[in-house]
file coords36.tsv (TSV, C-alpha atoms and all ligand atoms)
chain	number	residue	atom	x	y	z
N	1	MET	CA	48.48	29.55	-11.59
N	2	SER	CA	47.23	26.96	-9.14
N	3	HIS	CA	45.26	27.27	-5.95
N	4	HIS	CA	45.46	25.15	-2.83
N	5	TRP	CA	41.99	23.89	-1.90
N	6	THR	CA	41.39	22.67	1.61
N	7	ARG	CA	39.95	19.15	2.02
N	8	THR	CA	36.63	19.06	0.17
N	9	TRP	CA	33.86	16.47	-0.18
N	10	SER	CA	30.85	16.95	-2.43
N	11	PHE	CA	27.70	14.98	-3.12
N	12	PHE	CA	27.07	15.26	-6.86
N	13	ASN	CA	25.31	12.93	-9.30
N	14	GLY	CA	24.40	10.46	-6.56
N	15	GLU	CA	27.80	9.97	-4.92
N	16	TRP	CA	30.35	11.54	-2.59
N	17	GLN	CA	33.41	12.76	-4.45
N	18	GLU	CA	36.60	14.30	-3.08
N	19	GLY	CA	38.40	17.44	-4.22
N	20	ASN	CA	37.51	20.26	-6.59
N	21	ILE	CA	35.42	18.04	-8.88
N	22	PRO	CA	34.10	19.46	-12.18
N	23	ILE	CA	30.34	20.11	-12.06
N	24	MET	CA	29.75	22.27	-15.15
N	25	GLY	CA	30.53	22.17	-18.83
N	26	VAL	CA	31.60	24.89	-21.20
N	27	ARG	CA	27.99	25.32	-22.34
N	28	THR	CA	26.36	25.14	-18.90
N	29	HIS	CA	23.92	28.04	-18.55
N	30	ALA	CA	25.05	28.91	-15.01
N	31	ALA	CA	28.75	28.96	-15.96
N	32	TRP	CA	28.01	31.41	-18.76
N	33	LEU	CA	25.10	33.49	-17.50
N	34	GLY	CA	25.26	33.17	-13.73
N	35	THR	CA	22.06	31.24	-12.96
N	36	SER	CA	23.25	29.69	-9.71
N	37	VAL	CA	22.19	29.95	-6.08
N	38	PHE	CA	23.87	28.67	-2.94
N	39	ASP	CA	23.77	28.84	0.79
N	40	GLY	CA	26.45	28.70	3.44
N	41	ALA	CA	26.12	26.91	6.76
N	42	ARG	CA	28.79	25.67	9.12
N	43	ALA	CA	29.85	22.78	11.26
N	44	PHE	CA	32.25	23.50	14.14
N	45	GLU	CA	32.89	22.12	17.65
N	46	GLY	CA	30.54	19.22	16.78
N	47	VAL	CA	27.49	21.40	16.05
N	48	ALA	CA	25.81	22.81	12.91
N	49	PRO	CA	23.53	25.62	14.13
N	50	ASP	CA	20.49	26.55	12.01
N	51	LEU	CA	21.46	24.02	9.33
N	52	ALA	CA	17.82	23.40	8.35
N	53	LEU	CA	17.19	27.16	7.97
N	54	HIS	CA	20.12	27.43	5.56
N	55	CYS	CA	18.74	24.50	3.56
N	56	GLU	CA	15.27	26.05	3.51
N	57	ARG	CA	16.78	29.29	2.25
N	58	VAL	CA	18.64	27.67	-0.63
N	59	ASN	CA	15.34	26.18	-1.76
N	60	ARG	CA	13.68	29.62	-1.62
N	61	SER	CA	16.65	31.09	-3.51
N	62	ALA	CA	16.18	28.45	-6.23
N	63	LEU	CA	12.56	29.53	-6.77
N	64	ALA	CA	13.53	33.21	-6.84
N	65	MET	CA	16.14	32.41	-9.53
N	66	GLY	CA	13.56	30.47	-11.56
N	67	LEU	CA	15.11	27.09	-10.73
N	68	LYS	CA	13.52	23.94	-9.31
N	69	PRO	CA	14.35	23.16	-5.67
N	70	LEU	CA	14.74	19.42	-6.19
N	71	VAL	CA	16.07	18.49	-2.75
N	72	SER	CA	13.92	18.51	0.39
N	73	VAL	CA	15.24	20.21	3.49
N	74	GLU	CA	15.29	16.81	5.24
N	75	LYS	CA	17.43	15.37	2.45
N	76	TRP	CA	19.89	18.31	2.51
N	77	VAL	CA	20.25	17.92	6.29
N	78	GLU	CA	20.67	14.15	6.09
N	79	LEU	CA	23.31	14.43	3.35
N	80	THR	CA	25.13	17.13	5.31
N	81	HIS	CA	25.40	14.89	8.36
N	82	GLU	CA	26.71	12.11	6.13
N	83	GLY	CA	29.29	14.51	4.69
N	84	ILE	CA	30.43	15.80	8.09
N	85	LYS	CA	31.44	12.22	9.00
N	86	ARG	CA	34.04	12.30	6.22
N	87	PHE	CA	36.05	14.86	8.21
N	88	ALA	CA	37.78	14.76	11.60
N	89	PRO	CA	35.36	15.00	14.55
N	90	GLY	CA	34.66	18.63	15.43
N	91	ALA	CA	36.35	19.98	12.26
N	92	ALA	CA	35.41	23.54	11.25
N	93	LEU	CA	33.63	23.20	7.91
N	94	TYR	CA	31.82	25.39	5.42
N	95	ILE	CA	28.66	23.68	4.14
N	96	ARG	CA	27.45	24.78	0.70
N	97	PRO	CA	24.29	23.46	-0.95
N	98	MET	CA	23.90	24.76	-4.49
N	99	TYR	CA	21.50	24.73	-7.46
N	100	TRP	CA	22.14	25.91	-10.99
N	101	ALA	CA	20.66	25.81	-14.49
N	102	GLU	CA	22.32	23.48	-16.96
N	103	TYR	CA	20.45	24.40	-20.17
N	104	PRO	CA	19.13	27.64	-21.64
N	105	GLY	CA	15.41	28.17	-22.11
N	106	ALA	CA	13.69	29.12	-25.37
N	107	ARG	CA	15.31	32.57	-25.43
N	108	THR	CA	18.89	31.53	-24.52
N	109	VAL	CA	19.42	34.16	-21.84
N	110	ASP	CA	16.60	32.60	-19.82
N	111	ALA	CA	17.28	29.29	-18.09
N	112	ASP	CA	15.35	26.03	-18.38
N	113	PRO	CA	14.12	25.23	-14.86
N	114	GLU	CA	13.72	21.59	-15.88
N	115	SER	CA	17.50	21.45	-16.26
N	116	THR	CA	18.18	22.37	-12.61
N	117	ARG	CA	21.20	20.56	-11.16
N	118	TRP	CA	22.48	20.55	-7.61
N	119	CYS	CA	25.35	19.57	-5.40
N	120	LEU	CA	26.31	19.75	-1.75
N	121	SER	CA	29.91	20.66	-0.89
N	122	LEU	CA	31.60	20.59	2.49
N	123	TYR	CA	35.10	21.87	3.02
N	124	GLU	CA	37.52	22.70	5.78
N	125	ALA	CA	37.43	26.38	6.72
N	126	GLY	CA	38.80	27.49	10.09
N	127	MET	CA	36.61	29.69	12.27
N	128	PRO	CA	38.05	33.23	12.39
N	129	SER	CA	39.05	34.27	15.90
N	130	PRO	CA	37.03	37.13	17.45
N	131	ASP	CA	40.34	38.44	18.85
N	132	HIS	CA	41.07	39.72	15.38
N	133	GLY	CA	38.60	42.61	15.09
N	134	THR	CA	37.45	43.93	11.74
N	135	ALA	CA	38.31	47.34	10.26
N	136	ILE	CA	35.51	48.78	8.10
N	137	THR	CA	35.23	51.61	5.59
N	138	LEU	CA	32.32	53.07	3.62
N	139	SER	CA	32.11	51.76	0.07
N	140	HIS	CA	30.89	53.94	-2.75
N	141	TYR	CA	29.22	50.86	-4.27
N	142	ARG	CA	25.61	50.19	-3.31
N	143	ARG	CA	23.25	47.25	-2.78
N	144	PRO	CA	20.83	46.93	-5.71
N	145	THR	CA	17.06	46.87	-5.30
N	146	LEU	CA	14.87	43.94	-6.38
N	147	GLU	CA	14.15	45.77	-9.66
N	148	CYS	CA	17.87	45.71	-10.45
N	149	ALA	CA	19.01	42.27	-9.28
N	150	VAL	CA	17.76	39.00	-7.82
N	151	THR	CA	18.16	40.28	-4.27
N	152	ASP	CA	15.56	37.80	-2.96
N	153	ALA	CA	17.99	34.95	-3.68
N	154	LYS	CA	21.40	34.19	-2.23
N	155	ALA	CA	22.88	34.02	-5.69
N	156	GLY	CA	26.43	33.94	-6.98
N	157	CYS	CA	25.62	36.74	-9.43
N	158	LEU	CA	25.19	39.23	-6.56
N	159	TYR	CA	28.73	38.73	-5.32
N	160	PRO	CA	30.89	40.46	-7.95
N	161	ASN	CA	29.42	43.71	-6.59
N	162	ASN	CA	30.40	42.74	-3.04
N	163	SER	CA	33.78	41.66	-4.36
N	164	ARG	CA	34.59	45.05	-5.84
N	165	ALA	CA	33.57	46.70	-2.56
N	166	LEU	CA	35.96	44.37	-0.72
N	167	VAL	CA	38.79	45.06	-3.15
N	168	GLU	CA	38.24	48.79	-2.68
N	169	ALA	CA	38.26	48.37	1.13
N	170	HIS	CA	41.45	46.27	1.07
N	171	ARG	CA	43.18	48.86	-1.10
N	172	ARG	CA	42.37	51.47	1.54
N	173	GLY	CA	43.77	49.20	4.29
N	174	PHE	CA	40.48	47.86	5.70
N	175	ASP	CA	39.11	44.33	6.12
N	176	ASN	CA	35.52	44.87	5.04
N	177	ALA	CA	33.23	47.40	3.40
N	178	VAL	CA	29.94	48.94	4.51
N	179	LEU	CA	27.47	49.10	1.64
N	180	CYS	CA	24.47	51.41	1.63
N	181	ASP	CA	21.19	50.84	-0.21
N	182	MET	CA	20.10	53.15	-3.02
N	183	LEU	CA	18.49	55.54	-0.50
N	184	GLY	CA	21.81	55.96	1.24
N	185	ASN	CA	20.98	54.03	4.40
N	186	VAL	CA	23.46	51.44	5.65
N	187	ALA	CA	22.52	47.97	4.38
N	188	GLU	CA	25.25	45.49	5.39
N	189	LEU	CA	28.91	44.61	5.09
N	190	ALA	CA	30.17	42.95	1.91
N	191	THR	CA	30.07	39.52	3.60
N	192	ALA	CA	27.92	39.87	6.73
N	193	ASN	CA	25.21	41.82	8.49
N	194	VAL	CA	26.03	44.71	10.79
N	195	PHE	CA	24.84	45.90	14.21
N	196	LEU	CA	25.72	48.94	16.29
N	197	ALA	CA	25.16	49.59	19.98
N	198	ARG	CA	24.52	52.89	21.76
N	199	ASP	CA	23.87	53.23	25.48
N	200	GLY	CA	23.33	49.47	25.74
N	201	VAL	CA	20.71	49.33	22.96
N	202	ALA	CA	21.47	47.37	19.77
N	203	PHE	CA	20.45	48.66	16.33
N	204	THR	CA	20.55	46.96	12.95
N	205	PRO	CA	19.24	47.90	9.49
N	206	ALA	CA	15.61	46.85	8.96
N	207	PRO	CA	15.23	44.31	6.12
N	208	ASN	CA	14.15	46.24	3.01
N	209	GLY	CA	14.79	43.74	0.26
N	210	THR	CA	18.14	45.19	-0.77
N	211	PHE	CA	20.42	43.10	1.42
N	212	LEU	CA	20.60	39.58	2.81
N	213	ALA	CA	18.83	39.74	6.18
N	214	GLY	CA	20.85	36.79	7.40
N	215	ILE	CA	19.98	33.76	9.47
N	216	THR	CA	22.72	34.64	11.99
N	217	ARG	CA	21.33	38.20	12.17
N	218	THR	CA	17.81	36.97	13.03
N	219	ARG	CA	19.16	34.40	15.47
N	220	THR	CA	21.37	36.97	17.27
N	221	LEU	CA	18.61	39.57	17.35
N	222	ASN	CA	16.16	37.09	18.92
N	223	LEU	CA	18.71	35.80	21.44
N	224	LEU	CA	19.52	39.36	22.55
N	225	ARG	CA	15.83	40.23	22.91
N	226	GLU	CA	15.11	37.04	24.88
N	227	ALA	CA	17.99	38.01	27.19
N	228	GLY	CA	16.37	41.41	27.78
N	229	VAL	CA	18.60	43.51	25.51
N	230	GLU	CA	16.63	46.03	23.45
N	231	VAL	CA	17.21	45.62	19.70
N	232	VAL	CA	15.85	48.17	17.24
N	233	GLU	CA	15.51	47.46	13.51
N	234	GLY	CA	15.38	50.68	11.56
N	235	ALA	CA	16.91	52.97	8.94
N	236	LEU	CA	20.51	53.64	9.99
N	237	THR	CA	22.86	56.17	8.47
N	238	TRP	CA	26.62	56.05	8.11
N	239	ARG	CA	26.77	58.80	10.75
N	240	ASP	CA	24.96	56.48	13.21
N	241	PHE	CA	27.80	54.01	12.75
N	242	LEU	CA	30.54	56.66	13.00
N	243	GLU	CA	29.09	57.73	16.36
N	244	ALA	CA	28.29	54.25	17.76
N	245	ASP	CA	29.67	52.93	21.07
N	246	GLU	CA	30.07	49.47	19.53
N	247	ILE	CA	29.83	47.84	16.11
N	248	PHE	CA	29.74	44.11	15.40
N	249	SER	CA	28.89	41.84	12.52
N	250	THR	CA	26.87	38.64	12.22
N	251	GLY	CA	27.11	36.01	9.52
N	252	ASN	CA	27.40	32.30	9.09
N	253	TYR	CA	31.10	32.29	8.28
N	254	SER	CA	32.47	34.13	11.34
N	255	LYS	CA	29.28	34.14	13.47
N	256	VAL	CA	29.47	37.18	15.78
N	257	THR	CA	32.64	39.30	15.51
N	258	PRO	CA	33.61	42.78	16.69
N	259	VAL	CA	34.45	45.77	14.50
N	260	THR	CA	37.49	47.44	16.02
N	261	ARG	CA	38.03	50.28	13.56
N	262	ILE	CA	35.66	52.42	11.51
N	263	GLU	CA	37.58	54.71	9.13
N	264	ASP	CA	40.18	56.37	11.41
N	265	ARG	CA	38.37	55.69	14.70
N	266	ASP	CA	39.33	52.74	16.93
N	267	LEU	CA	36.62	50.84	18.82
N	268	GLN	CA	36.75	48.25	21.60
N	269	PRO	CA	34.71	45.03	21.59
N	270	GLY	CA	31.88	46.07	23.94
N	271	PRO	CA	29.36	44.50	26.33
N	272	VAL	CA	26.54	44.10	23.78
N	273	PHE	CA	28.90	42.34	21.35
N	274	ARG	CA	30.20	40.07	24.16
N	275	ARG	CA	26.67	39.17	25.26
N	276	ALA	CA	25.63	38.45	21.66
N	277	ARG	CA	28.60	36.18	21.05
N	278	GLU	CA	28.10	34.34	24.36
N	279	LEU	CA	24.39	33.85	23.66
N	280	TYR	CA	25.13	32.58	20.14
N	281	TRP	CA	27.63	30.00	21.41
N	282	GLU	CA	25.23	28.83	24.13
N	283	PHE	CA	22.50	28.47	21.51
N	284	ALA	CA	24.81	26.67	19.07
N	285	HIS	CA	25.68	24.05	21.69
N	286	SER	CA	22.15	23.70	23.09
F	1	LIG	N1	25.21	39.44	3.88
F	1	LIG	C1	25.95	38.86	2.93
F	1	LIG	C2	26.25	39.64	1.69
F	1	LIG	C3	26.44	37.56	3.09
F	1	LIG	O1	27.18	36.99	2.14
F	1	LIG	C4	26.15	36.88	4.30
F	1	LIG	C5	26.71	35.51	4.52
F	1	LIG	N2	25.85	34.51	4.05
F	1	LIG	C6	25.37	37.51	5.26
F	1	LIG	C7	24.90	38.80	5.03
F	1	LIG	C8	24.99	36.82	6.53
F	1	LIG	O2	23.95	35.90	6.32
F	1	LIG	P1	23.81	34.56	7.18
F	1	LIG	O3	23.80	34.97	8.61
F	1	LIG	O4	22.52	34.00	6.74
F	1	LIG	O5	24.98	33.72	6.84

call {"tool": "encode", "arguments": {"input": "coords36.tsv", "output": "structure tokens"}}
result
Amino acid sequence: MSHHWTRTWSFFNGEWQEGNIPIMGVRTHAAWLGTSVFDGARAFEGVAPDLALHCERVNRSALAMGLKPLVSVEKWVELTHEGIKRFAPGAALYIRPMYWAEYPGARTVDADPESTRWCLSLYEAGMPSPDHGTAITLSHYRRPTLECAVTDAKAGCLYPNNSRALVEAHRRGFDNAVLCDMLGNVAELATANVFLARDGVAFTPAPNGTFLAGITRTRTLNLLREAGVEVVEGALTWRDFLEADEIFSTGNYSKVTPVTRIEDRDLQPGPVFRRARELYWEFAHS
């Protein structure tokens, strides 16, 4: 089986290299035991909004995973701008800085932080159109707590759980899954954060350490508030979503996109979603 990779450039071991270059060996700790962290930013329409925040977060994720954040935010940003120049002007790109452990520590399952390695990959990834709304369904899988997983890092090892929620959703005929935390409150979608709107007020789950309170989420929330839209962070139930006027998601990959079906109920992209998307695009180009 082969896979078609879109055009990809990575900075690894001191040089830019093209394609799906090998970065790990058969005995690399991260390849075996999952000690890797990453972040995802984007370039599109000639801008790369909140790039520095994504780079800051990958460095925090490294510390949470017990790795050494070897690259300064300034260096990540500088390298990213270098990388962007290798693509057509204005190309839609996914930007992925990454750290991982190469060697085990004294107890094998632990990683040696001194063996931290890193790379920066950029690759072509078209921006999904907001005209294609998302259909969501409730997953029976849950977000773990910090006692159960490294939820304070954006780590590859968290994603197999999201993956099985997505597979379950696709099997049922939906695009994405809503995952609850262990208390049963809505946490996020499998790949993005989630907002609802009722009577013109926006609501989104309050960060409680179980889910990735994303950079796009915080940005959107602040932009809405600055524009005079009330946004409430709180505990939200599945019922709150079933009864919402509007639902939309935020995340680096697709930015701000509408949910147009929740289980068997159709929804229209609404005014709060439209305002949020407009404000995000204005901010991105400012
Ligand atoms: N939750 C999950 C599980 C994600 O993978 C993402 C995408 N990074 C988000 C939320 C959104 O976070 P951000 O806005 O920082 O990209």

call {"tool": "residues_around", "arguments": {"input": "coords36.tsv", "residues": "N:Asp245", "least_positions_apart": "2", "cutoff": "12 Å", "atoms": "all atoms listed in the file", "output": "compact mmCIF listing (two decimals) with C-alpha atoms, in the frame of the given file"}}
result
# COMPACT_ATOMS: atom_id res chain seq x y z
CA PHE N 195 24.84 45.90 14.21
CA LEU N 196 25.72 48.94 16.29
CA ALA N 197 25.16 49.59 19.98
CA ARG N 198 24.52 52.89 21.76
CA ASP N 199 23.87 53.23 25.48
CA GLY N 200 23.33 49.47 25.74
CA VAL N 201 20.71 49.33 22.96
CA ALA N 202 21.47 47.37 19.77
CA PHE N 203 20.45 48.66 16.33
CA ASP N 240 24.96 56.48 13.21
CA PHE N 241 27.80 54.01 12.75
CA LEU N 242 30.54 56.66 13.00
CA GLU N 243 29.09 57.73 16.36
CA ILE N 247 29.83 47.84 16.11
CA PHE N 248 29.74 44.11 15.40
CA PRO N 258 33.61 42.78 16.69
CA VAL N 259 34.45 45.77 14.50
CA THR N 260 37.49 47.44 16.02
CA ARG N 261 38.03 50.28 13.56
CA ILE N 262 35.66 52.42 11.51
CA ARG N 265 38.37 55.69 14.70
CA ASP N 266 39.33 52.74 16.93
CA LEU N 267 36.62 50.84 18.82
CA GLN N 268 36.75 48.25 21.60
CA PRO N 269 34.71 45.03 21.59
CA GLY N 270 31.88 46.07 23.94
CA PRO N 271 29.36 44.50 26.33
CA VAL N 272 26.54 44.10 23.78
CA PHE N 273 28.90 42.34 21.35

call {"tool": "closest_residue", "arguments": {"input": "coords36.tsv", "among": "N:Ala111, N:Val73, N:Val37, N:Ala106", "to": "N:Tyr159", "atoms": "all atoms listed in the file"}}
result
N:Val37

call {"tool": "residues_around", "arguments": {"input": "coords36.tsv", "residues": "stretch 160-174 of chain N", "least_positions_apart": "6", "cutoff": "7 Å", "atoms": "all atoms listed in the file", "output": "VMD selection string"}}
result
chain N and resid 135 to 137 139 141 190

call {"tool": "write_last_selection", "arguments": {"input": "coords36.tsv", "atoms": "C-alpha atoms", "output": "PDB file, keeping the file's coordinate frame"}}
result
ATOM      1  CA  ALA N 135      38.310  47.340  10.260  1.00  0.00           C
ATOM      2  CA  ILE N 136      35.510  48.780   8.100  1.00  0.00           C
ATOM      3  CA  THR N 137      35.230  51.610   5.590  1.00  0.00           C
ATOM      4  CA  SER N 139      32.110  51.760   0.070  1.00  0.00           C
ATOM      5  CA  TYR N 141      29.220  50.860  -4.270  1.00  0.00           C
ATOM      6  CA  ALA N 190      30.170  42.950   1.910  1.00  0.00           C
TER       7      ALA N 190
END

call {"tool": "atom_distance", "arguments": {"input": "coords36.tsv", "atom1": "atom CA of N:Cys119", "atom2": "atom CA of N:Trp76"}}
result
9.7 Å

call {"tool": "residues_near_ligand", "arguments": {"input": "coords36.tsv", "ligand": "ligand LIG 1 (chain F)", "cutoff": "9 Å", "atoms": "only C-alpha atoms and all ligand atoms", "output": "ChimeraX atom specification"}}
result
/N:39-41,53-54,57,154,158-159,162,187-194,211-219,249-255

call {"tool": "residues_near_point", "arguments": {"input": "coords36.tsv", "point": "(25.5, 15.1, 6.8)", "cutoff": "12 Å", "atoms": "all atoms listed in the file", "output": "ChimeraX atom specification"}}
result
/N:9-11,16,41-43,46-48,51-52,73-87,93,95-97,120-122

call {"tool": "write_last_selection", "arguments": {"input": "coords36.tsv", "atoms": "C-alpha atoms", "output": "tab-separated table (two decimals), in the frame of the given file"}}
result
chain	number	residue	atom	x	y	z
N	9	TRP	CA	33.86	16.47	-0.18
N	10	SER	CA	30.85	16.95	-2.43
N	11	PHE	CA	27.70	14.98	-3.12
N	16	TRP	CA	30.35	11.54	-2.59
N	41	ALA	CA	26.12	26.91	6.76
N	42	ARG	CA	28.79	25.67	9.12
N	43	ALA	CA	29.85	22.78	11.26
N	46	GLY	CA	30.54	19.22	16.78
N	47	VAL	CA	27.49	21.40	16.05
N	48	ALA	CA	25.81	22.81	12.91
N	51	LEU	CA	21.46	24.02	9.33
N	52	ALA	CA	17.82	23.40	8.35
N	73	VAL	CA	15.24	20.21	3.49
N	74	GLU	CA	15.29	16.81	5.24
N	75	LYS	CA	17.43	15.37	2.45
N	76	TRP	CA	19.89	18.31	2.51
N	77	VAL	CA	20.25	17.92	6.29
N	78	GLU	CA	20.67	14.15	6.09
N	79	LEU	CA	23.31	14.43	3.35
N	80	THR	CA	25.13	17.13	5.31
N	81	HIS	CA	25.40	14.89	8.36
N	82	GLU	CA	26.71	12.11	6.13
N	83	GLY	CA	29.29	14.51	4.69
N	84	ILE	CA	30.43	15.80	8.09
N	85	LYS	CA	31.44	12.22	9.00
N	86	ARG	CA	34.04	12.30	6.22
N	87	PHE	CA	36.05	14.86	8.21
N	93	LEU	CA	33.63	23.20	7.91
N	95	ILE	CA	28.66	23.68	4.14
N	96	ARG	CA	27.45	24.78	0.70
N	97	PRO	CA	24.29	23.46	-0.95
N	120	LEU	CA	26.31	19.75	-1.75
N	121	SER	CA	29.91	20.66	-0.89
N	122	LEU	CA	31.60	20.59	2.49

call {"tool": "atom_distance", "arguments": {"input": "coords36.tsv", "atom1": "atom CA of N:Arg7", "atom2": "atom CA of N:Ala284"}}
result
24.0 Å

call {"tool": "closest_residue", "arguments": {"input": "coords36.tsv", "among": "N:Gly156, N:Gly19, N:Gly133, N:Gly105", "to": "N:Ser61", "atoms": "all atoms listed in the file"}}
result
N:Gly156

call {"tool": "build_atoms", "arguments": {"input": "coords36.tsv", "residues": "stretch 113-133 of chain N", "atoms": "N, CA and C atoms", "output": "tab-separated table (two decimals), in the coordinates of the input"}}
result
chain	number	residue	atom	x	y	z
N	113	PRO	N	14.21	25.74	-16.24
N	113	PRO	CA	14.12	25.23	-14.86
N	113	PRO	C	14.15	23.71	-14.79
N	114	GLU	N	13.70	23.06	-15.87
N	114	GLU	CA	13.72	21.59	-15.88
N	114	GLU	C	15.15	21.04	-15.91
N	115	SER	N	16.10	21.91	-16.20
N	115	SER	CA	17.50	21.45	-16.26
N	115	SER	C	18.25	21.75	-14.97
N	116	THR	N	17.52	22.05	-13.88
N	116	THR	CA	18.18	22.37	-12.61
N	116	THR	C	19.07	21.21	-12.15
N	117	ARG	N	20.28	21.54	-11.75
N	117	ARG	CA	21.20	20.56	-11.16
N	117	ARG	C	21.60	21.04	-9.77
N	118	TRP	N	22.13	20.16	-8.98
N	118	TRP	CA	22.48	20.55	-7.61
N	118	TRP	C	23.67	19.76	-7.12
N	119	CYS	N	24.32	20.31	-6.12
N	119	CYS	CA	25.35	19.57	-5.40
N	119	CYS	C	25.42	20.09	-3.98
N	120	LEU	N	26.07	19.34	-3.13
N	120	LEU	CA	26.31	19.75	-1.75
N	120	LEU	C	27.80	19.61	-1.50
N	121	SER	N	28.46	20.72	-1.16
N	121	SER	CA	29.91	20.66	-0.89
N	121	SER	C	30.18	20.99	0.56
N	122	LEU	N	31.12	20.28	1.13
N	122	LEU	CA	31.60	20.59	2.49
N	122	LEU	C	33.11	20.73	2.39
N	123	TYR	N	33.64	21.76	3.02
N	123	TYR	CA	35.10	21.87	3.02
N	123	TYR	C	35.63	22.52	4.28
N	124	GLU	N	36.89	22.17	4.57
N	124	GLU	CA	37.52	22.70	5.78
N	124	GLU	C	37.72	24.20	5.64
N	125	ALA	N	37.28	24.93	6.67
N	125	ALA	CA	37.43	26.38	6.72
N	125	ALA	C	37.47	26.77	8.18
N	126	GLY	N	38.65	27.16	8.67
N	126	GLY	CA	38.80	27.49	10.09
N	126	GLY	C	37.90	28.64	10.51
N	127	MET	N	37.44	28.60	11.74
N	127	MET	CA	36.61	29.69	12.27
N	127	MET	C	37.51	30.88	12.60
N	128	PRO	N	37.24	32.06	12.04
N	128	PRO	CA	38.05	33.23	12.39
N	128	PRO	C	37.94	33.55	13.88
N	129	SER	N	39.05	33.94	14.48
N	129	SER	CA	39.05	34.27	15.90
N	129	SER	C	38.44	35.66	16.11
N	130	PRO	N	37.61	35.82	17.15
N	130	PRO	CA	37.03	37.13	17.45
N	130	PRO	C	38.08	38.10	17.99
N	131	ASP	N	39.27	37.56	18.35
N	131	ASP	CA	40.34	38.44	18.85
N	131	ASP	C	40.87	39.33	17.74
N	132	HIS	N	40.66	38.87	16.48
N	132	HIS	CA	41.07	39.72	15.38
N	132	HIS	C	39.86	40.53	14.94
N	133	GLY	N	39.73	41.75	15.43
N	133	GLY	CA	38.60	42.61	15.09
N	133	GLY	C	38.67	43.05	13.64
